[in-house]
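Raw input15.cif, mmCIF, C-alpha atoms and all ligand atoms:
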```
data_query
#
loop_
_atom_site.group_PDB
_atom_site.id
_atom_site.type_symbol
_atom_site.label_atom_id
_atom_site.label_comp_id
_atom_site.auth_asym_id
_atom_site.auth_seq_id
_atom_site.Cartn_x
_atom_site.Cartn_y
_atom_site.Cartn_z
ATOM 1 C CA MET A 1 28.268 14.927 3.446
ATOM 2 C CA PRO A 2 31.111 12.626 2.564
ATOM 3 C CA GLU A 3 31.485 9.100 3.803
ATOM 4 C CA PHE A 4 34.524 6.918 3.407
ATOM 5 C CA HIS A 5 35.627 3.373 3.926
ATOM 6 C CA ALA A 6 38.752 1.723 2.779
ATOM 7 C CA ARG A 7 40.802 -1.432 2.603
ATOM 8 C CA ALA A 8 44.572 -1.324 2.586
ATOM 9 C CA HIS A 9 46.794 -2.719 -0.253
ATOM 10 C CA GLY A 10 44.755 -2.864 -3.462
ATOM 11 C CA GLY A 11 41.643 -1.749 -1.677
ATOM 12 C CA VAL A 12 39.218 0.967 -2.604
ATOM 13 C CA VAL A 13 37.887 4.142 -1.065
ATOM 14 C CA VAL A 14 34.127 4.571 -1.286
ATOM 15 C CA TRP A 15 33.266 8.252 -0.972
ATOM 16 C CA VAL A 16 29.571 9.020 -0.678
ATOM 17 C CA VAL A 17 28.702 12.642 -1.290
ATOM 18 C CA GLY A 18 25.687 14.757 -2.146
ATOM 19 C CA ASP A 19 25.560 18.440 -3.030
ATOM 20 C CA LYS A 20 24.208 21.098 -0.737
ATOM 21 C CA ILE A 21 21.506 23.295 -2.191
ATOM 22 C CA ASN A 22 22.544 26.901 -1.852
ATOM 23 C CA GLY A 23 20.354 28.680 -4.369
ATOM 24 C CA GLY A 24 21.498 26.058 -6.878
ATOM 25 C CA ARG A 25 23.599 22.951 -6.355
ATOM 26 C CA THR A 26 27.041 23.625 -4.926
ATOM 27 C CA LEU A 27 28.691 20.859 -7.019
ATOM 28 C CA THR A 28 30.823 19.937 -4.024
ATOM 29 C CA SER A 29 30.572 16.359 -5.254
ATOM 30 C CA PHE A 30 32.186 17.167 -8.613
ATOM 31 C CA ARG A 31 34.921 19.234 -6.972
ATOM 32 C CA GLN A 32 35.750 16.416 -4.566
ATOM 33 C CA GLY A 33 35.783 13.851 -7.394
ATOM 34 C CA LEU A 34 38.226 15.959 -9.403
ATOM 35 C CA PHE A 35 40.352 16.553 -6.310
ATOM 36 C CA PHE A 36 40.686 12.804 -5.764
ATOM 37 C CA GLN A 37 41.956 12.466 -9.341
ATOM 38 C CA GLN A 38 44.421 15.317 -8.836
ATOM 39 C CA ILE A 39 45.926 13.605 -5.795
ATOM 40 C CA GLY A 40 46.467 10.368 -7.706
ATOM 41 C CA PHE A 41 43.336 8.277 -7.290
ATOM 42 C CA GLN A 42 41.683 6.537 -10.196
ATOM 43 C CA MET A 43 37.930 7.127 -10.399
ATOM 44 C CA HIS A 44 37.142 3.421 -10.730
ATOM 45 C CA ASP A 45 33.395 4.063 -10.857
ATOM 46 C CA VAL A 46 30.834 6.785 -10.262
ATOM 47 C CA MET A 47 27.870 5.059 -8.675
ATOM 48 C CA ILE A 48 24.498 6.424 -7.586
ATOM 49 C CA TYR A 49 22.899 5.949 -4.177
ATOM 50 C CA GLN A 50 19.220 6.450 -4.895
ATOM 51 C CA LYS A 51 16.887 7.059 -1.951
ATOM 52 C CA LYS A 52 13.529 5.353 -2.341
ATOM 53 C CA ASN A 53 11.697 7.802 -0.113
ATOM 54 C CA THR A 54 13.056 11.291 0.274
ATOM 55 C CA PRO A 55 11.288 14.130 2.040
ATOM 56 C CA PHE A 56 13.606 16.725 0.557
ATOM 57 C CA MET A 57 11.817 18.784 -2.082
ATOM 58 C CA ARG A 58 12.520 22.007 -3.954
ATOM 59 C CA LYS A 59 9.835 24.335 -5.191
ATOM 60 C CA ASN A 60 11.446 25.032 -8.542
ATOM 61 C CA ALA A 61 13.335 21.826 -9.296
ATOM 62 C CA TYR A 62 12.694 18.099 -9.364
ATOM 63 C CA THR A 63 13.050 16.310 -6.049
ATOM 64 C CA ASN A 64 16.618 15.184 -5.602
ATOM 65 C CA CYS A 65 16.747 11.526 -4.697
ATOM 66 C CA TYR A 66 20.399 10.544 -5.021
ATOM 67 C CA GLU A 67 23.972 10.990 -3.905
ATOM 68 C CA PHE A 68 27.146 9.970 -5.686
ATOM 69 C CA MET A 69 29.260 7.054 -4.536
ATOM 70 C CA PHE A 70 32.764 7.519 -5.902
ATOM 71 C CA VAL A 71 34.686 4.271 -5.955
ATOM 72 C CA LEU A 72 38.332 5.292 -5.898
ATOM 73 C CA SER A 73 41.387 3.136 -6.285
ATOM 74 C CA LYS A 74 45.074 3.226 -7.003
ATOM 75 C CA GLY A 75 45.400 0.797 -9.901
ATOM 76 C CA SER A 76 42.858 -1.938 -10.307
ATOM 77 C CA PRO A 77 40.921 -2.996 -7.188
ATOM 78 C CA LYS A 78 42.217 -6.327 -5.937
ATOM 79 C CA THR A 79 38.786 -7.614 -4.978
ATOM 80 C CA PHE A 80 35.474 -7.437 -6.803
ATOM 81 C CA ASN A 81 32.659 -9.696 -5.667
ATOM 82 C CA PRO A 82 29.811 -8.493 -7.883
ATOM 83 C CA ILE A 83 26.302 -8.495 -6.506
ATOM 84 C CA LYS A 84 23.974 -10.384 -8.818
ATOM 85 C CA THR A 85 20.343 -9.766 -9.685
ATOM 86 C CA GLU A 86 17.837 -12.043 -11.356
ATOM 87 C CA THR A 87 17.423 -11.662 -15.107
ATOM 88 C CA ALA A 88 13.939 -11.001 -16.531
ATOM 89 C CA ARG A 89 14.059 -14.187 -18.662
ATOM 90 C CA SER A 90 16.003 -17.368 -18.163
ATOM 91 C CA GLY A 91 16.062 -20.931 -19.465
ATOM 92 C CA PHE A 92 16.399 -22.179 -23.054
ATOM 93 C CA GLU A 93 15.252 -20.009 -25.968
ATOM 94 C CA MET A 94 15.812 -19.852 -29.711
ATOM 95 C CA LEU A 95 18.089 -16.860 -30.088
ATOM 96 C CA THR A 96 19.526 -15.025 -33.080
ATOM 97 C CA HIS A 97 23.063 -16.266 -33.462
ATOM 98 C CA ASN A 98 24.380 -14.890 -36.724
ATOM 99 C CA LYS A 99 22.855 -12.696 -39.403
ATOM 100 C CA LEU A 100 23.621 -14.253 -42.786
ATOM 101 C CA ALA A 101 24.429 -12.319 -46.010
ATOM 102 C CA ASP A 102 20.918 -13.010 -47.387
ATOM 103 C CA GLY A 103 19.470 -11.234 -44.352
ATOM 104 C CA VAL A 104 18.187 -14.451 -42.807
ATOM 105 C CA ASN A 105 18.890 -14.721 -39.102
ATOM 106 C CA LYS A 106 20.370 -17.995 -37.993
ATOM 107 C CA LYS A 107 18.805 -19.058 -34.717
ATOM 108 C CA ILE A 108 20.164 -21.490 -32.209
ATOM 109 C CA ARG A 109 18.845 -22.888 -28.946
ATOM 110 C CA LYS A 110 20.708 -21.157 -26.147
ATOM 111 C CA GLU A 111 20.406 -20.962 -22.387
ATOM 112 C CA LEU A 112 19.761 -17.517 -20.956
ATOM 113 C CA LYS A 113 21.513 -16.776 -17.706
ATOM 114 C CA LYS A 114 19.474 -16.698 -14.484
ATOM 115 C CA GLU A 115 21.375 -13.760 -13.056
ATOM 116 C CA LYS A 116 23.424 -10.782 -14.100
ATOM 117 C CA THR A 117 25.683 -8.279 -12.368
ATOM 118 C CA LYS A 118 23.748 -5.481 -10.689
ATOM 119 C CA THR A 119 23.931 -2.000 -12.244
ATOM 120 C CA ASN A 120 25.801 0.824 -10.546
ATOM 121 C CA ILE A 121 22.600 2.575 -9.416
ATOM 122 C CA TRP A 122 21.738 1.234 -5.970
ATOM 123 C CA GLN A 123 18.389 1.994 -4.416
ATOM 124 C CA TYR A 124 17.661 1.917 -0.687
ATOM 125 C CA ALA A 125 14.767 2.795 1.591
ATOM 126 C CA VAL A 126 15.720 5.467 4.120
ATOM 127 C CA GLY A 127 14.425 6.326 7.600
ATOM 128 C CA LEU A 128 13.681 4.122 10.607
ATOM 129 C CA GLY A 129 13.364 0.514 9.473
ATOM 130 C CA GLY A 130 14.836 1.322 6.060
ATOM 131 C CA THR A 131 18.184 2.818 6.966
ATOM 132 C CA THR A 132 18.416 0.734 10.142
ATOM 133 C CA SER A 133 16.141 -0.396 12.942
ATOM 134 C CA ASP A 134 18.664 0.764 15.560
ATOM 135 C CA LYS A 135 16.924 3.761 17.171
ATOM 136 C CA ILE A 136 20.178 4.950 18.745
ATOM 137 C CA ALA A 137 21.660 5.548 15.281
ATOM 138 C CA PHE A 138 19.239 8.398 14.665
ATOM 139 C CA GLN A 139 21.037 10.499 17.256
ATOM 140 C CA HIS A 140 23.198 11.120 14.189
ATOM 141 C CA PRO A 141 21.640 13.304 11.466
ATOM 142 C CA ALA A 142 23.019 11.524 8.404
ATOM 143 C CA VAL A 143 22.924 7.762 8.899
ATOM 144 C CA PHE A 144 23.570 5.542 5.890
ATOM 145 C CA PRO A 145 21.423 2.543 5.044
ATOM 146 C CA GLU A 146 23.032 -0.535 6.574
ATOM 147 C CA LYS A 147 22.513 -2.394 3.311
ATOM 148 C CA LEU A 148 24.465 0.239 1.376
ATOM 149 C CA ALA A 149 27.454 -0.238 3.677
ATOM 150 C CA ALA A 150 27.122 -4.033 3.546
ATOM 151 C CA ASP A 151 26.866 -4.075 -0.257
ATOM 152 C CA HIS A 152 30.089 -2.091 -0.632
ATOM 153 C CA ILE A 153 31.884 -4.118 2.018
ATOM 154 C CA ARG A 154 30.971 -7.411 0.310
ATOM 155 C CA SER A 155 31.800 -6.016 -3.149
ATOM 156 C CA TRP A 156 35.281 -4.715 -2.449
ATOM 157 C CA THR A 157 36.555 -6.852 0.427
ATOM 158 C CA ASN A 158 36.738 -10.474 1.535
ATOM 159 C CA PRO A 159 36.204 -11.913 5.034
ATOM 160 C CA ALA A 160 39.017 -10.936 7.454
ATOM 161 C CA ASP A 161 39.932 -7.860 5.347
ATOM 162 C CA LEU A 162 40.156 -4.522 7.124
ATOM 163 C CA VAL A 163 37.412 -1.918 6.673
ATOM 164 C CA PHE A 164 38.347 1.566 7.842
ATOM 165 C CA ASP A 165 35.789 4.334 8.237
ATOM 166 C CA PRO A 166 37.525 7.550 9.337
ATOM 167 C CA MET A 167 34.197 9.425 9.489
ATOM 168 C CA CYS A 168 32.086 6.677 10.970
ATOM 169 C CA GLY A 169 29.234 8.749 12.454
ATOM 170 C CA SER A 170 26.754 6.374 14.076
ATOM 171 C CA GLY A 171 28.941 3.370 13.193
ATOM 172 C CA THR A 172 26.990 1.873 10.280
ATOM 173 C CA THR A 173 30.077 0.745 8.363
ATOM 174 C CA CYS A 174 31.677 -0.718 11.499
ATOM 175 C CA LYS A 175 28.512 -2.623 12.385
ATOM 176 C CA MET A 176 28.139 -4.066 8.894
ATOM 177 C CA ALA A 177 31.846 -4.934 8.710
ATOM 178 C CA MET A 178 31.469 -6.825 11.996
ATOM 179 C CA LEU A 179 28.355 -8.665 10.775
ATOM 180 C CA ASN A 180 30.185 -9.612 7.578
ATOM 181 C CA ASP A 181 33.263 -11.013 9.354
ATOM 182 C CA ARG A 182 35.603 -8.223 8.375
ATOM 183 C CA ARG A 183 38.022 -6.512 10.731
ATOM 184 C CA TRP A 184 37.116 -2.875 11.194
ATOM 185 C CA ILE A 185 38.235 0.484 12.590
ATOM 186 C CA GLY A 186 35.929 3.461 13.033
ATOM 187 C CA VAL A 187 36.925 7.044 13.831
ATOM 188 C CA ASP A 188 34.864 10.216 14.148
ATOM 189 C CA ILE A 189 35.842 13.771 15.003
ATOM 190 C CA SER A 190 32.770 14.071 17.243
ATOM 191 C CA LYS A 191 32.996 12.441 20.671
ATOM 192 C CA GLU A 192 29.224 12.359 20.813
ATOM 193 C CA TYR A 193 28.884 10.396 17.551
ATOM 194 C CA ALA A 194 31.789 8.130 18.441
ATOM 195 C CA GLU A 195 29.897 7.246 21.633
ATOM 196 C CA VAL A 196 26.699 6.550 19.648
ATOM 197 C CA ALA A 197 28.720 4.235 17.381
ATOM 198 C CA ARG A 198 30.313 2.499 20.381
ATOM 199 C CA GLN A 199 26.921 1.838 21.991
ATOM 200 C CA ARG A 200 25.381 0.654 18.744
ATOM 201 C CA ILE A 201 28.212 -1.763 18.027
ATOM 202 C CA LYS A 202 28.166 -3.042 21.626
ATOM 203 C CA GLU A 203 24.436 -3.759 21.254
ATOM 204 C CA THR A 204 25.035 -5.597 17.964
ATOM 205 C CA GLY A 205 27.788 -7.646 19.617
ATOM 206 C CA LYS A 206 25.393 -8.629 22.428
ATOM 207 C CA GLN A 207 22.740 -9.686 19.909
ATOM 208 C CA LEU A 208 25.316 -11.820 18.107
ATOM 209 C CA GLN A 209 26.091 -13.689 21.331
ATOM 210 C CA THR A 210 22.446 -14.512 22.131
HETATM 211 C C1 LIG A 301 27.844 11.590 6.772
HETATM 212 S S1 LIG A 301 28.417 11.421 8.376
HETATM 213 C C2 LIG A 301 28.743 9.682 8.433
HETATM 214 C C3 LIG A 301 27.527 8.883 8.744
HETATM 215 C C4 LIG A 301 27.785 7.409 8.877
HETATM 216 N N1 LIG A 301 28.070 6.808 7.614
HETATM 217 C C5 LIG A 301 26.574 6.722 9.494
HETATM 218 O O1 LIG A 301 25.962 5.866 8.870
HETATM 219 O O2 LIG A 301 26.230 7.099 10.617
HETATM 220 C C6 LIG A 301 30.001 12.101 8.381
HETATM 221 C C7 LIG A 301 30.717 12.071 9.709
HETATM 222 O O3 LIG A 301 32.010 12.589 9.518
HETATM 223 C C8 LIG A 301 32.435 13.185 10.716
HETATM 224 N N2 LIG A 301 33.581 14.068 10.382
HETATM 225 C C9 LIG A 301 33.555 15.251 9.751
HETATM 226 N N3 LIG A 301 34.810 15.725 9.613
HETATM 227 C C10 LIG A 301 35.637 14.798 10.145
HETATM 228 C C11 LIG A 301 37.035 14.702 10.276
HETATM 229 N N4 LIG A 301 37.827 15.682 9.851
HETATM 230 N N5 LIG A 301 37.562 13.622 10.877
HETATM 231 C C12 LIG A 301 36.772 12.630 11.323
HETATM 232 N N6 LIG A 301 35.430 12.668 11.243
HETATM 233 C C13 LIG A 301 34.870 13.734 10.646
HETATM 234 C C14 LIG A 301 31.204 13.880 11.231
HETATM 235 O O4 LIG A 301 31.274 14.088 12.637
HETATM 236 C C15 LIG A 301 30.093 12.914 10.802
HETATM 237 O O5 LIG A 301 29.724 12.067 11.878
#
```

Please rewrite the model in this file as structure tokens.
Ligand SMILES: C[S@@+](CC[C@H](N)C(=O)[O-])C[C@H]1O[C@@H](n2cnc3c(N)ncnc32)[C@H](O)[C@@H]1O
Amino acid sequence: MPEFHARAHGGVVVWVVGDKINGGRTLTSFRQGLFFQQIGFQMHDVMIYQKKNTPFMRKNAYTNCYEFMFVLSKGSPKTFNPIKTETARSGFEMLTHNKLADGVNKKIRKELKKEKTKTNIWQYAVGLGGTTSDKIAFQHPAVFPEKLAADHIRSWTNPADLVFDPMCGSGTTCKMAMLNDRRWIGVDISKEYAEVARQRIKETGKQLQT
């Protein structure tokens, strides 16, 4: 199922989509990615949302544990606040600087960085407690991990920017936009899901005030 959130003027669309299994994979994801290009979007990045624990298994294929996250833009995204991760080694080390003609490596003392930009494969736990601890959200069948929404919101927008989720389901994106001081709008075709989102966001608002 696709998911979408956007920021106007130099913003990005994040489209999260997995394939249905219908005998084999439908490749809906690929078709949608190509369609976005045809209608003038730049495929800024193809990221992977990897699920740490997935109950979905196939008898004759490896267990699928990911969906695509297409990051679409028109021109270069205006905002990129990269998420950092710790490097395996940091501090001062003697590092190869320049290989000389005689084959001898010149070494110099250099400081290794403590952190580096995260890769574009993002891994999240799913299910109650992983996706969210809001029980009400599970009235929706396809809730996103809150952290996934928050990570994209922080990456591509700044505080006070507008986050728009036109297929907001249980309201994950709206909730995380609110908690990250962004303005937000959520829409869903289903009245039932829109009501779930409304209740969930109201509850979050109450918790913020206490
Ligand atoms: C994958 S779910 C979104 C889940 C959401 N990210 C969450 O965490 O709860 C996709 C949602 O899109 C909604 N939807 C499908 N077609 C739509 C349309 N044409 N306009 C608005 N919403 C639509 C569905 O009702 C569904 O709730």

Sort by chain and increasing residue number a table of all residues of chain A within 9 Å of ligand LIG 301 (chain A), each with its closest pair of atoms and their distance in Å to one decimal, counting all atoms listed in the file, and write it as a tab-separated table.
```
residue	atom	partner	partner_atom	distance
A:Met1	CA	A:LIG301	C1	4.7
A:Pro2	CA	A:LIG301	C1	5.4
A:Glu3	CA	A:LIG301	C1	5.3
A:Phe4	CA	A:LIG301	N1	7.7
A:Val16	CA	A:LIG301	C1	8.1
A:Val17	CA	A:LIG301	C1	8.2
A:Thr131	CA	A:LIG301	O1	8.6
A:Ala137	CA	A:LIG301	O2	6.7
A:Phe138	CA	A:LIG301	O2	8.2
A:His140	CA	A:LIG301	O2	6.2
A:Pro141	CA	A:LIG301	S1	7.7
A:Ala142	CA	A:LIG301	C1	5.1
A:Val143	CA	A:LIG301	O1	3.6
A:Phe144	CA	A:LIG301	O1	3.8
A:Pro145	CA	A:LIG301	O1	6.8
A:Glu146	CA	A:LIG301	O1	7.4
A:Ala149	CA	A:LIG301	N1	8.1
A:Asp165	CA	A:LIG301	N1	8.1
A:Pro166	CA	A:LIG301	C12	5.5
A:Met167	CA	A:LIG301	O3	3.8
A:Cys168	CA	A:LIG301	C4	4.8
A:Gly169	CA	A:LIG301	O5	3.4
A:Ser170	CA	A:LIG301	O2	3.6
A:Gly171	CA	A:LIG301	O2	5.3
A:Thr172	CA	A:LIG301	O1	4.4
A:Thr173	CA	A:LIG301	N1	6.4
A:Val187	CA	A:LIG301	C12	6.1
A:Asp188	CA	A:LIG301	N6	3.8
A:Ile189	CA	A:LIG301	N6	3.9
A:Ser190	CA	A:LIG301	O4	4.8
A:Lys191	CA	A:LIG301	O4	8.4
A:Glu192	CA	A:LIG301	O4	8.6
A:Tyr193	CA	A:LIG301	O5	6.0
A:Ala194	CA	A:LIG301	O5	7.9
A:Ala197	CA	A:LIG301	O2	7.8
```

From the list A:Ile201, A:Asn180, A:Met43, A:Leu100, the nearest residue to A:Asp161 using only C-alpha atoms is A:Asn180

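The space separating atom CA of A:Gly186 from atom CA of A:Arg31 comes to 25.5 Å.
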
Set the distance at 7 Å and use all atoms listed in the file: which residues neighbour A:Asp19 once local chain neighbours fewer than 4 positions away are removed? I'd like the list as a JSON list (two decimals) with C-alpha atoms, in the frame of the given file.
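Generated file (around_19.json):
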```json
[["chain", "number", "residue", "atom", "x", "y", "z"],
["A", 25, "ARG", "CA", 23.60, 22.95, -6.36],
["A", 26, "THR", "CA", 27.04, 23.62, -4.93],
["A", 27, "LEU", "CA", 28.69, 20.86, -7.02],
["A", 28, "THR", "CA", 30.82, 19.94, -4.02],
["A", 29, "SER", "CA", 30.57, 16.36, -5.25]]
```

For stretch 165-171 of chain A, take all atoms listed in the file, fit an axis-aligned box around them, add 4 Å to each of the six sides, then output centre and edge lengths in Å rounded to one decimal, as lines of an AutoDock Vina configuration file.
```
center_x = 32.1
center_y = 6.4
center_z = 11.2
size_x = 18.8
size_y = 14.1
size_z = 13.8
```

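Taking all atoms listed in the file into account, A:Met47 lies nearest to A:His152 out of the set A:Lys84, A:Lys206, A:His152, A:Lys147.
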
Identify all residues satisfying the PyMOL selection byres (((chain A and resi 50-57) around 6) and not hetatm) in the given file; provide them as a PyMOL selection string. chain A and resi 48-49+58+63+65-66+122-125

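Nearest residue to A:Val163, choosing from A:Gly91, A:Gly18, A:Gly11, A:Pro82 and counting only C-alpha atoms: A:Gly11.
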
Atom CA of A:Ser90 and atom CA of A:Lys110, how far apart in Å? 10.0 Å

Which residues, written as an mmCIF file with C-alpha atoms, in the coordinates of the input, have at least one atom at most 6 Å from A:Phe70, with all atoms listed in the file counted and residues fewer than 5 positions away on the same chain left out?
```
data_model
loop_
_atom_site.group_PDB
_atom_site.id
_atom_site.type_symbol
_atom_site.label_atom_id
_atom_site.label_comp_id
_atom_site.auth_asym_id
_atom_site.auth_seq_id
_atom_site.Cartn_x
_atom_site.Cartn_y
_atom_site.Cartn_z
ATOM 1 C CA VAL A 14 34.127 4.571 -1.286
ATOM 2 C CA TRP A 15 33.266 8.252 -0.972
ATOM 3 C CA VAL A 46 30.834 6.785 -10.262
#
```

List, as an NGL selection string, every residue that the PyMOL selection byres (((chain A and resi 112) around 12) and not hetatm) selects in the file provided. :A and (86-95 or 108-111 or 113-116)

Please supply stretch 66-80 of chain A, rebuilt with N, CA, C and O atoms, as a PDB file, in the coordinates of the input.
```pdb
ATOM      1  N   TYR A  66      19.177  11.362  -4.955  1.00  0.00           N
ATOM      2  CA  TYR A  66      20.399  10.544  -5.021  1.00  0.00           C
ATOM      3  C   TYR A  66      21.620  11.272  -4.490  1.00  0.00           C
ATOM      4  O   TYR A  66      21.632  12.495  -4.353  1.00  0.00           O
ATOM      5  N   GLU A  67      22.628  10.476  -4.187  1.00  0.00           N
ATOM      6  CA  GLU A  67      23.972  10.990  -3.905  1.00  0.00           C
ATOM      7  C   GLU A  67      24.941  10.188  -4.770  1.00  0.00           C
ATOM      8  O   GLU A  67      24.587   9.115  -5.254  1.00  0.00           O
ATOM      9  N   PHE A  68      26.125  10.722  -4.956  1.00  0.00           N
ATOM     10  CA  PHE A  68      27.146   9.970  -5.686  1.00  0.00           C
ATOM     11  C   PHE A  68      27.878   9.029  -4.739  1.00  0.00           C
ATOM     12  O   PHE A  68      28.017   9.325  -3.550  1.00  0.00           O
ATOM     13  N   MET A  69      28.345   7.933  -5.284  1.00  0.00           N
ATOM     14  CA  MET A  69      29.260   7.054  -4.536  1.00  0.00           C
ATOM     15  C   MET A  69      30.480   6.897  -5.438  1.00  0.00           C
ATOM     16  O   MET A  69      30.415   6.186  -6.447  1.00  0.00           O
ATOM     17  N   PHE A  70      31.538   7.631  -5.116  1.00  0.00           N
ATOM     18  CA  PHE A  70      32.764   7.519  -5.902  1.00  0.00           C
ATOM     19  C   PHE A  70      33.540   6.309  -5.399  1.00  0.00           C
ATOM     20  O   PHE A  70      33.836   6.214  -4.204  1.00  0.00           O
ATOM     21  N   VAL A  71      33.858   5.428  -6.322  1.00  0.00           N
ATOM     22  CA  VAL A  71      34.686   4.271  -5.955  1.00  0.00           C
ATOM     23  C   VAL A  71      36.087   4.568  -6.472  1.00  0.00           C
ATOM     24  O   VAL A  71      36.308   4.621  -7.686  1.00  0.00           O
ATOM     25  N   LEU A  72      36.992   4.827  -5.549  1.00  0.00           N
ATOM     26  CA  LEU A  72      38.332   5.292  -5.898  1.00  0.00           C
ATOM     27  C   LEU A  72      39.360   4.201  -5.621  1.00  0.00           C
ATOM     28  O   LEU A  72      39.219   3.451  -4.647  1.00  0.00           O
ATOM     29  N   SER A  73      40.360   4.150  -6.498  1.00  0.00           N
ATOM     30  CA  SER A  73      41.387   3.136  -6.285  1.00  0.00           C
ATOM     31  C   SER A  73      42.724   3.672  -6.754  1.00  0.00           C
ATOM     32  O   SER A  73      42.787   4.705  -7.413  1.00  0.00           O
ATOM     33  N   LYS A  74      43.757   2.944  -6.421  1.00  0.00           N
ATOM     34  CA  LYS A  74      45.074   3.226  -7.003  1.00  0.00           C
ATOM     35  C   LYS A  74      45.414   1.967  -7.780  1.00  0.00           C
ATOM     36  O   LYS A  74      45.667   0.931  -7.191  1.00  0.00           O
ATOM     37  N   GLY A  75      45.307   2.019  -9.096  1.00  0.00           N
ATOM     38  CA  GLY A  75      45.400   0.797  -9.901  1.00  0.00           C
ATOM     39  C   GLY A  75      44.075   0.055  -9.810  1.00  0.00           C
ATOM     40  O   GLY A  75      43.086   0.585  -9.312  1.00  0.00           O
ATOM     41  N   SER A  76      44.104  -1.166 -10.268  1.00  0.00           N
ATOM     42  CA  SER A  76      42.858  -1.938 -10.307  1.00  0.00           C
ATOM     43  C   SER A  76      42.527  -2.488  -8.917  1.00  0.00           C
ATOM     44  O   SER A  76      43.416  -2.992  -8.238  1.00  0.00           O
ATOM     45  N   PRO A  77      41.253  -2.404  -8.497  1.00  0.00           N
ATOM     46  CA  PRO A  77      40.921  -2.996  -7.188  1.00  0.00           C
ATOM     47  C   PRO A  77      41.251  -4.484  -7.179  1.00  0.00           C
ATOM     48  O   PRO A  77      41.028  -5.182  -8.156  1.00  0.00           O
ATOM     49  N   LYS A  78      41.782  -4.928  -6.053  1.00  0.00           N
ATOM     50  CA  LYS A  78      42.217  -6.327  -5.937  1.00  0.00           C
ATOM     51  C   LYS A  78      41.020  -7.263  -5.845  1.00  0.00           C
ATOM     52  O   LYS A  78      41.062  -8.392  -6.291  1.00  0.00           O
ATOM     53  N   THR A  79      39.955  -6.760  -5.216  1.00  0.00           N
ATOM     54  CA  THR A  79      38.786  -7.614  -4.978  1.00  0.00           C
ATOM     55  C   THR A  79      37.554  -7.007  -5.636  1.00  0.00           C
ATOM     56  O   THR A  79      37.314  -5.812  -5.500  1.00  0.00           O
ATOM     57  N   PHE A  80      36.802  -7.849  -6.335  1.00  0.00           N
ATOM     58  CA  PHE A  80      35.474  -7.437  -6.803  1.00  0.00           C
ATOM     59  C   PHE A  80      34.562  -8.659  -6.743  1.00  0.00           C
ATOM     60  O   PHE A  80      34.751  -9.617  -7.480  1.00  0.00           O
TER      61      PHE A  80
END
```
